[in-house]
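Text of the file input-v9.tsv, holding TSV, C-alpha atoms and all ligand atoms:
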```
chain	number	residue	atom	x	y	z
A	1	MET	CA	-127.99	15.26	74.80
A	2	LYS	CA	-127.85	14.98	78.60
A	3	LYS	CA	-127.96	11.19	78.32
A	4	ILE	CA	-125.21	11.14	75.71
A	5	LEU	CA	-123.06	13.40	77.87
A	6	TYR	CA	-123.57	11.09	80.87
A	7	LYS	CA	-122.82	7.98	78.80
A	8	THR	CA	-119.68	9.50	77.30
A	9	ILE	CA	-118.25	10.24	80.73
A	10	GLU	CA	-119.33	6.87	82.14
A	11	ASN	CA	-117.71	4.99	79.25
A	12	TYR	CA	-114.45	6.85	79.73
A	13	PHE	CA	-114.22	5.83	83.38
A	14	THR	CA	-115.52	2.28	83.18
A	15	GLN	CA	-113.27	1.29	80.27
A	16	LYS	CA	-110.15	2.28	82.15
A	17	MET	CA	-110.49	-0.28	84.88
A	18	SER	CA	-108.23	-3.10	85.89
A	19	LYS	CA	-108.16	-6.21	83.79
A	20	GLY	CA	-106.96	-8.32	86.70
A	21	ARG	CA	-103.68	-10.12	86.85
A	22	GLY	CA	-104.75	-13.31	85.14
A	23	ASP	CA	-101.82	-15.28	86.42
A	24	PHE	CA	-101.38	-18.19	88.78
A	25	LYS	CA	-97.71	-17.37	89.34
A	26	ARG	CA	-98.81	-14.47	91.42
A	27	THR	CA	-97.16	-11.19	92.06
A	28	ILE	CA	-97.89	-10.38	95.67
A	29	HIS	CA	-98.39	-6.66	96.14
A	30	ALA	CA	-97.36	-4.70	99.22
A	31	SER	CA	-101.00	-3.83	99.92
A	32	GLU	CA	-101.88	-7.55	100.22
A	33	ILE	CA	-99.35	-8.61	102.84
A	34	LEU	CA	-101.63	-8.28	105.85
A	35	GLN	CA	-104.45	-10.37	104.37
A	36	LEU	CA	-102.18	-12.80	102.53
A	37	CYS	CA	-102.99	-16.49	102.81
A	38	PRO	CA	-99.84	-18.33	101.59
A	39	ARG	CA	-101.89	-21.56	101.34
A	40	LYS	CA	-104.15	-19.93	98.76
A	41	GLU	CA	-101.19	-18.73	96.69
A	42	MET	CA	-99.65	-22.20	96.76
A	43	LEU	CA	-102.89	-23.92	95.85
A	44	GLN	CA	-103.26	-21.57	92.88
A	45	GLN	CA	-99.79	-22.51	91.72
A	46	LYS	CA	-100.34	-26.20	92.34
A	47	TYR	CA	-103.62	-26.34	90.42
A	48	LYS	CA	-102.57	-23.68	87.90
A	49	ILE	CA	-105.64	-21.61	88.64
A	50	LYS	CA	-105.35	-18.02	87.52
A	51	GLU	CA	-106.66	-14.96	89.30
A	52	PRO	CA	-109.97	-14.07	87.69
A	53	HIS	CA	-110.04	-11.11	85.33
A	54	LYS	CA	-111.82	-8.38	87.21
A	55	GLU	CA	-114.83	-6.73	85.73
A	56	ALA	CA	-114.76	-3.00	85.15
A	57	LEU	CA	-115.39	-1.11	88.39
A	58	PRO	CA	-118.77	0.53	88.85
A	59	PHE	CA	-118.91	4.12	87.60
A	60	GLY	CA	-119.20	5.63	91.11
A	61	LEU	CA	-116.16	3.77	92.40
A	62	SER	CA	-114.15	4.66	89.29
A	63	ILE	CA	-114.83	8.35	89.93
A	64	THR	CA	-113.83	7.98	93.60
A	65	PHE	CA	-110.53	6.37	92.57
A	66	ALA	CA	-109.94	9.04	89.94
A	67	ILE	CA	-110.42	11.77	92.56
A	68	GLY	CA	-108.01	9.93	94.88
A	69	ARG	CA	-105.41	9.75	92.10
A	70	ALA	CA	-105.85	13.44	91.29
A	71	VAL	CA	-105.31	14.39	94.96
A	72	GLU	CA	-102.26	12.13	95.04
A	73	GLY	CA	-100.88	14.03	92.03
A	74	LYS	CA	-101.44	17.36	93.79
A	75	ILE	CA	-99.63	16.20	96.92
A	76	ARG	CA	-96.74	15.09	94.74
A	77	GLU	CA	-96.75	18.47	93.03
A	78	SER	CA	-96.61	20.18	96.44
A	79	LEU	CA	-93.31	18.41	97.17
A	80	GLY	CA	-91.68	20.50	94.43
A	81	ASN	CA	-87.97	19.91	94.01
A	82	ASN	CA	-87.96	17.51	96.94
A	83	LEU	CA	-89.90	15.00	94.86
A	84	ILE	CA	-87.73	12.42	93.17
A	85	GLY	CA	-88.57	9.33	91.21
A	86	PRO	CA	-87.67	7.46	88.06
A	87	GLU	CA	-89.65	10.20	86.27
A	88	THR	CA	-90.12	13.42	88.24
A	89	MET	CA	-92.64	15.38	86.17
A	90	CYS	CA	-95.68	15.49	88.47
A	91	TRP	CA	-98.19	15.19	85.68
A	92	ASN	CA	-96.51	12.03	84.51
A	93	TYR	CA	-94.87	10.69	87.63
A	94	GLN	CA	-93.54	7.19	87.31
A	95	GLU	CA	-93.73	5.44	90.65
A	96	LEU	CA	-90.70	3.55	91.82
A	97	ASN	CA	-91.53	-0.13	91.65
A	98	LEU	CA	-89.35	-2.60	93.51
A	99	GLN	CA	-89.62	-6.35	93.38
A	100	VAL	CA	-88.13	-9.28	95.23
A	101	GLU	CA	-88.27	-12.82	93.90
A	102	LYS	CA	-88.57	-15.43	96.62
A	103	TYR	CA	-89.26	-19.14	96.22
A	104	GLY	CA	-91.05	-18.77	92.89
A	105	PHE	CA	-93.21	-15.83	93.99
A	106	THR	CA	-92.72	-12.14	93.30
A	107	PHE	CA	-93.22	-9.53	96.02
A	108	SER	CA	-93.79	-6.09	94.58
A	109	GLY	CA	-94.50	-2.53	95.67
A	110	SER	CA	-94.94	0.82	93.92
A	111	MET	CA	-94.33	3.90	96.03
A	112	ASP	CA	-96.58	6.91	95.55
A	113	ALA	CA	-93.70	9.37	95.94
A	114	ILE	CA	-90.12	9.68	97.13
A	115	PHE	CA	-89.29	12.73	99.24
A	116	LYS	CA	-85.67	13.84	99.24
A	117	TYR	CA	-84.38	16.24	101.86
A	118	GLU	CA	-80.67	16.99	101.94
A	119	ASP	CA	-79.07	13.56	101.58
A	120	ILE	CA	-81.97	11.41	102.82
A	121	SER	CA	-84.76	10.03	100.62
A	122	VAL	CA	-87.86	8.40	102.05
A	123	PRO	CA	-90.81	6.64	100.44
A	124	ILE	CA	-94.23	8.24	100.82
A	125	GLU	CA	-97.63	6.59	100.69
A	126	ILE	CA	-100.64	8.85	100.07
A	127	LYS	CA	-104.16	7.89	101.09
A	128	SER	CA	-107.30	9.98	100.79
A	129	ILE	CA	-109.99	8.88	103.24
A	130	SER	CA	-113.45	9.87	104.39
A	131	PRO	CA	-113.73	12.73	106.92
A	132	ASP	CA	-115.13	10.36	109.58
A	133	GLN	CA	-112.21	7.97	109.28
A	134	PHE	CA	-109.80	10.90	109.16
A	135	ASP	CA	-111.06	12.50	112.40
A	136	GLU	CA	-110.66	9.21	114.28
A	137	LEU	CA	-107.17	8.55	113.01
A	138	VAL	CA	-104.53	8.61	115.74
A	139	GLU	CA	-102.22	6.10	114.09
A	140	PRO	CA	-101.96	4.58	110.61
A	141	LEU	CA	-104.45	1.84	109.76
A	142	ILE	CA	-102.80	-1.53	110.14
A	143	GLN	CA	-103.18	-2.53	106.47
A	144	HIS	CA	-101.47	0.72	105.43
A	145	ARG	CA	-98.75	0.27	108.01
A	146	PHE	CA	-97.98	-3.21	106.67
A	147	GLN	CA	-98.02	-1.89	103.11
A	148	CYS	CA	-95.45	0.80	103.97
A	149	GLN	CA	-93.36	-1.67	105.95
A	150	THR	CA	-93.29	-3.89	102.88
A	151	TYR	CA	-91.79	-0.97	100.93
A	152	LEU	CA	-89.03	-0.81	103.54
A	153	TRP	CA	-88.51	-4.55	103.25
A	154	LEU	CA	-88.35	-4.27	99.45
A	155	ILE	CA	-85.80	-1.44	99.67
A	156	LYS	CA	-83.73	-3.41	102.15
A	157	ASN	CA	-83.67	-6.32	99.70
A	158	ASN	CA	-82.85	-4.07	96.73
A	159	LYS	CA	-79.76	-2.28	97.99
A	160	LYS	CA	-78.05	-2.71	94.62
A	161	HIS	CA	-80.96	-1.23	92.66
A	162	GLN	CA	-79.61	1.80	90.76
A	163	PHE	CA	-82.23	4.29	91.99
A	164	VAL	CA	-82.02	3.04	95.59
A	165	LYS	CA	-78.23	3.30	95.58
A	166	THR	CA	-77.96	6.65	93.83
A	167	ASN	CA	-80.51	8.35	96.05
A	168	GLY	CA	-79.67	6.67	99.35
A	169	LEU	CA	-83.27	5.53	99.72
A	170	SER	CA	-84.07	4.82	103.34
A	171	HIS	CA	-85.12	1.37	104.50
A	172	ASP	CA	-85.39	2.62	108.09
A	173	LYS	CA	-88.44	4.77	107.78
A	174	CYS	CA	-91.14	6.00	105.48
A	175	TYR	CA	-94.15	8.29	105.78
A	176	ILE	CA	-97.81	7.92	105.17
A	177	ILE	CA	-99.89	11.00	104.40
A	178	TYR	CA	-103.64	10.82	105.02
A	179	ILE	CA	-105.81	13.41	103.35
A	180	SER	CA	-109.38	14.04	104.38
A	181	LYS	CA	-111.75	14.13	101.43
A	182	THR	CA	-113.38	17.15	103.03
A	183	ALA	CA	-111.92	19.27	105.84
A	184	LYS	CA	-111.91	22.88	106.90
A	185	ASN	CA	-108.77	22.78	108.99
A	186	ASN	CA	-105.85	20.39	109.25
A	187	PRO	CA	-106.70	18.34	106.15
A	188	ILE	CA	-103.60	16.15	106.33
A	189	LYS	CA	-102.05	13.86	108.92
A	190	ILE	CA	-98.57	12.46	108.54
A	191	PHE	CA	-97.24	9.37	110.31
A	192	GLU	CA	-93.73	7.99	110.38
A	193	ILE	CA	-93.47	4.24	109.90
A	194	LYS	CA	-90.63	1.93	110.79
A	195	LEU	CA	-90.24	-1.82	110.70
A	196	ASP	CA	-91.61	-3.40	113.88
A	197	ILE	CA	-91.82	-6.83	115.47
A	198	PRO	CA	-95.37	-7.77	114.33
A	199	TYR	CA	-94.47	-7.01	110.72
A	200	VAL	CA	-91.09	-8.73	110.82
A	201	ASN	CA	-92.67	-11.83	112.39
A	202	LEU	CA	-95.46	-11.97	109.83
A	203	MET	CA	-93.03	-11.69	106.89
A	204	LYS	CA	-90.78	-14.31	108.47
A	205	GLU	CA	-93.73	-16.66	108.82
A	206	HIS	CA	-94.89	-16.06	105.22
A	207	LEU	CA	-91.39	-16.64	103.84
A	208	THR	CA	-90.91	-19.81	105.88
A	209	GLN	CA	-94.11	-21.19	104.36
A	210	PHE	CA	-93.15	-20.21	100.80
A	211	LYS	CA	-89.70	-21.77	101.25
A	212	LEU	CA	-91.18	-24.99	102.57
A	213	TYR	CA	-93.58	-25.17	99.65
A	214	SER	CA	-90.82	-24.56	97.08
A	215	GLU	CA	-88.64	-27.27	98.63
A	216	THR	CA	-91.17	-29.96	99.52
A	217	GLY	CA	-94.54	-28.95	98.03
A	218	GLY	CA	-95.90	-28.90	101.59
A	219	LEU	CA	-98.86	-26.64	102.19
A	220	PRO	CA	-99.22	-24.50	105.29
A	221	GLN	CA	-101.99	-25.26	107.74
A	222	ARG	CA	-105.43	-23.99	106.89
A	223	SER	CA	-106.18	-20.71	108.60
A	224	CYS	CA	-109.94	-20.90	108.01
A	225	LEU	CA	-111.75	-23.15	110.44
A	226	THR	CA	-114.59	-24.11	108.12
A	227	GLU	CA	-115.73	-23.46	104.56
A	228	LYS	CA	-118.21	-21.06	106.07
A	229	SER	CA	-115.55	-18.86	107.66
A	230	LYS	CA	-115.60	-15.29	106.46
A	231	SER	CA	-112.28	-15.53	104.58
A	232	ALA	CA	-113.09	-18.98	103.16
A	233	LYS	CA	-116.33	-17.70	101.66
A	234	LYS	CA	-114.40	-15.05	99.74
A	235	CYS	CA	-111.55	-17.40	98.78
A	236	MET	CA	-111.43	-18.72	95.21
A	237	MET	CA	-109.36	-21.75	96.38
A	238	CYS	CA	-111.71	-22.75	99.18
A	239	LYS	CA	-112.86	-26.00	97.56
A	240	HIS	CA	-109.29	-27.19	96.91
A	241	CYS	CA	-108.21	-26.00	100.33
A	242	PHE	CA	-110.71	-28.21	102.14
A	243	GLU	CA	-110.03	-31.20	99.88
A	244	GLU	CA	-106.31	-31.06	100.66
A	245	LYS	CA	-104.85	-32.11	104.00
B	1	LIG	S1	-110.01	-21.25	102.45
B	1	LIG	FE1	-108.95	-19.99	103.94
B	1	LIG	S2	-107.14	-21.15	104.53
B	1	LIG	FE2	-107.95	-22.05	102.69
B	1	LIG	S3	-106.77	-21.11	101.07
B	1	LIG	FE3	-108.64	-19.92	101.30
B	1	LIG	S4	-108.13	-18.31	102.72
B	1	LIG	FE4	-106.53	-19.83	102.85
```
Let me see the file written as C-alpha cells.
Amino acid sequence: MKKILYKTIENYFTQKMSKGRGDFKRTIHASEILQLCPRKEMLQQKYKIKEPHKEALPFGLSITFAIGRAVEGKIRESLGNNLIGPETMCWNYQELNLQVEKYGFTFSGSMDAIFKYEDISVPIEIKSISPDQFDELVEPLIQHRFQCQTYLWLIKNNKKHQFVKTNGLSHDKCYIIYISKTAKNNPIKIFEIKLDIPYVNLMKEHLTQFKLYSETGGLPQRSCLTEKSKSAKKCMMCKHCFEEK
C-alpha cells in the first residue's frame, strides 16, 4: 500500500512536466535573454534543428516547482482586488503573455501578476528561493533583473495591446518579490526594476544580430573560444558552430 501511494503521487507529478518546445523557429522567453546566444538560435533555424523534447523532470524537482507555484498563487491571492490580469480568479489566474515578433523570431514573456494601485499597473515577478540565497540578497539576481526588464521591453513594444492600453500597464518599472522558502521574520524582499543601460545595450546587440541574419544570413561571431568552453559543452549547436566561419 505504501509503495502504491508513493507511486501514485510520483506519477502525478512526473507526468505533468514540460514536453519541450520542439521547434527550430524558436520563441525566446524573457528568462533566457541573459544567456541567449543569437548564433545558436540562427544555426538552429539554418539547419532546421529543433529543440529537444525534454524528459519529465525528476520527482524531487517537480515537487519543488509545485511548491514554488503554490506560493506564487498565495502571493497573488494576497494582492486581493489590486490583482489584475486577463483572468483574475487567483485559483485560475491566467498570466498576461506578451510577444514581439522580430526578424523571424518571437520574444515572449508571461508575467506572474499585475498589481494595480489607483491608476497605475505594474508587472510583478515572484521567485521563491532558498533561505541562504535569500539572506544574502541585497539586489535582484541579474538573470531575474533581465527577465523583468524584458517584460518592460515587451510592454513598451505592445502599447496597442488591449490589456496594456486599458490598464495603463507601466513600461517604466516593475517589481520582483523574493520569498524565502523558510524564514521566521521578514520572509519577503521586494525590489523595483527599471530599464538600465546594460540591459538596453544587450537587447540592442541581440536585435542587431537578428536583423543582420534575417537580411543577409550572416552569423554573429562565436562567443565560445573553443568547443571545450563551458557554454559550448552545453550547446546543442556546438558542432555546427565550429564548422561554420
Ligand atoms: S558553441 Fe557557443 S558560440 Fe557557438 S552557438 Fe553554441 S553557445 Fe553559441
As a list of chain:residue names, please: the residues near stretch 81-87 of chain A (cut-off 7 Å, all atoms listed in the file, same-chain neighbours under 6 positions excluded).
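Counting only the stated atoms, we get A:Tyr93, A:Gln94, A:Glu95, A:Leu96, A:Ala113, A:Ile114, A:Phe115, A:Lys116, A:Tyr117.
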So which residues are near ligand LIG 1 (chain B), meaning at most 8 Å away with only C-alpha atoms and all ligand atoms counted, given back as a list in words?
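Checked against 8 Å with only C-alpha atoms and all ligand atoms; the hits are Cys37, Pro38, Arg39, Lys40, Glu41, Leu43, Gln221, Arg222, Ser223, Cys224, Leu225, Thr226, Glu227, Ser229, Ser231, Ala232, Lys233, Lys234, Cys235, Met236, Met237, Cys238, Lys239, His240, Cys241 and Phe242 of chain A.
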Considering all atoms listed in the file, can you say which of A:Pro187, A:Gly73, A:Gly168, A:Gly80 comes closest to A:Leu137?
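Closest candidate: A:Pro187.
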Expressed in Å, the length from atom CA of A:Leu152 to atom CA of A:Lys194 is 7.9 Å
Of the listed residues A:Tyr178, A:Phe107, A:Phe59, A:Phe65, that which approaches A:Trp153 most closely, counting only C-alpha atoms:
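Ranking A:Tyr178, A:Phe107, A:Phe59, A:Phe65 by distance to A:Trp153, first place goes to A:Phe107.
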If we count only C-alpha atoms, what is near A:Ile190 at a cut-off of 7 Å, once residues fewer than 5 positions away on the same chain are taken out, given as a list in words?
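Counting only the stated atoms, we get Tyr175, Ile176, Ile177 and Tyr178 of chain A.
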Find the residues around A:Leu34 up to 7 Å (all atoms listed in the file counted), leave out those fewer than 2 positions away in its own chain, and share them as a list of chain:residue names.
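Counting only the stated atoms, we get A:Glu32, A:Leu36, A:Gln143, A:Phe146.
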Selected residues written out, C-alpha atoms, as a short mmCIF file (atom, residue, chain, number, x, y, z; two decimals), in the frame of the given file:
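Result written to part39.cif:
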```
data_model
loop_
_atom_site.label_atom_id
_atom_site.label_comp_id
_atom_site.auth_asym_id
_atom_site.auth_seq_id
_atom_site.Cartn_x
_atom_site.Cartn_y
_atom_site.Cartn_z
CA GLU A 32 -101.88 -7.55 100.22
CA LEU A 36 -102.18 -12.80 102.53
CA GLN A 143 -103.18 -2.53 106.47
CA PHE A 146 -97.98 -3.21 106.67
#
```
Select, from A:Lys211, A:Lys127, A:Lys156, A:Lys230, the residue with the minimum atom-to-atom distance to A:Ile188, counting only C-alpha atoms.
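Checking each of A:Lys211, A:Lys127, A:Lys156, A:Lys230 against A:Ile188, counting only C-alpha atoms, the winner is A:Lys127.
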For each of A:Tyr12, A:Phe163, A:Tyr151, A:Phe134, take the minimum atom-to-atom distance to A:Ala183, counting all atoms listed in the file, then give the residue where this is smallest.
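Between A:Tyr12, A:Phe163, A:Tyr151, A:Phe134, the residue approaching A:Ala183 most closely is A:Phe134.
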Which residues are near A:Val100? Cut-off 7 Å, only C-alpha atoms, ignore same chain within fewer than 4 positions. Put them as a list in words.
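Residues near the query, excluding close chain neighbours: Thr106, Phe107, Ser108, Leu154 and Asn157 of chain A.
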Residues within 10 Å of A:Asp132, please, as a count of residues only. Count all atoms listed in the file; anything in the same chain fewer than 5 positions from it doesn't count.
4
Between atom CA of A:Ile142 and atom CA of A:Pro123, what is the distance in Å, rounded to a tenth?
17.5 Å
Which of A:Glu205, A:Asp172, A:Glu10, A:Glu77 sits closest to A:Ile63 [using all atoms listed in the file]
A:Glu10
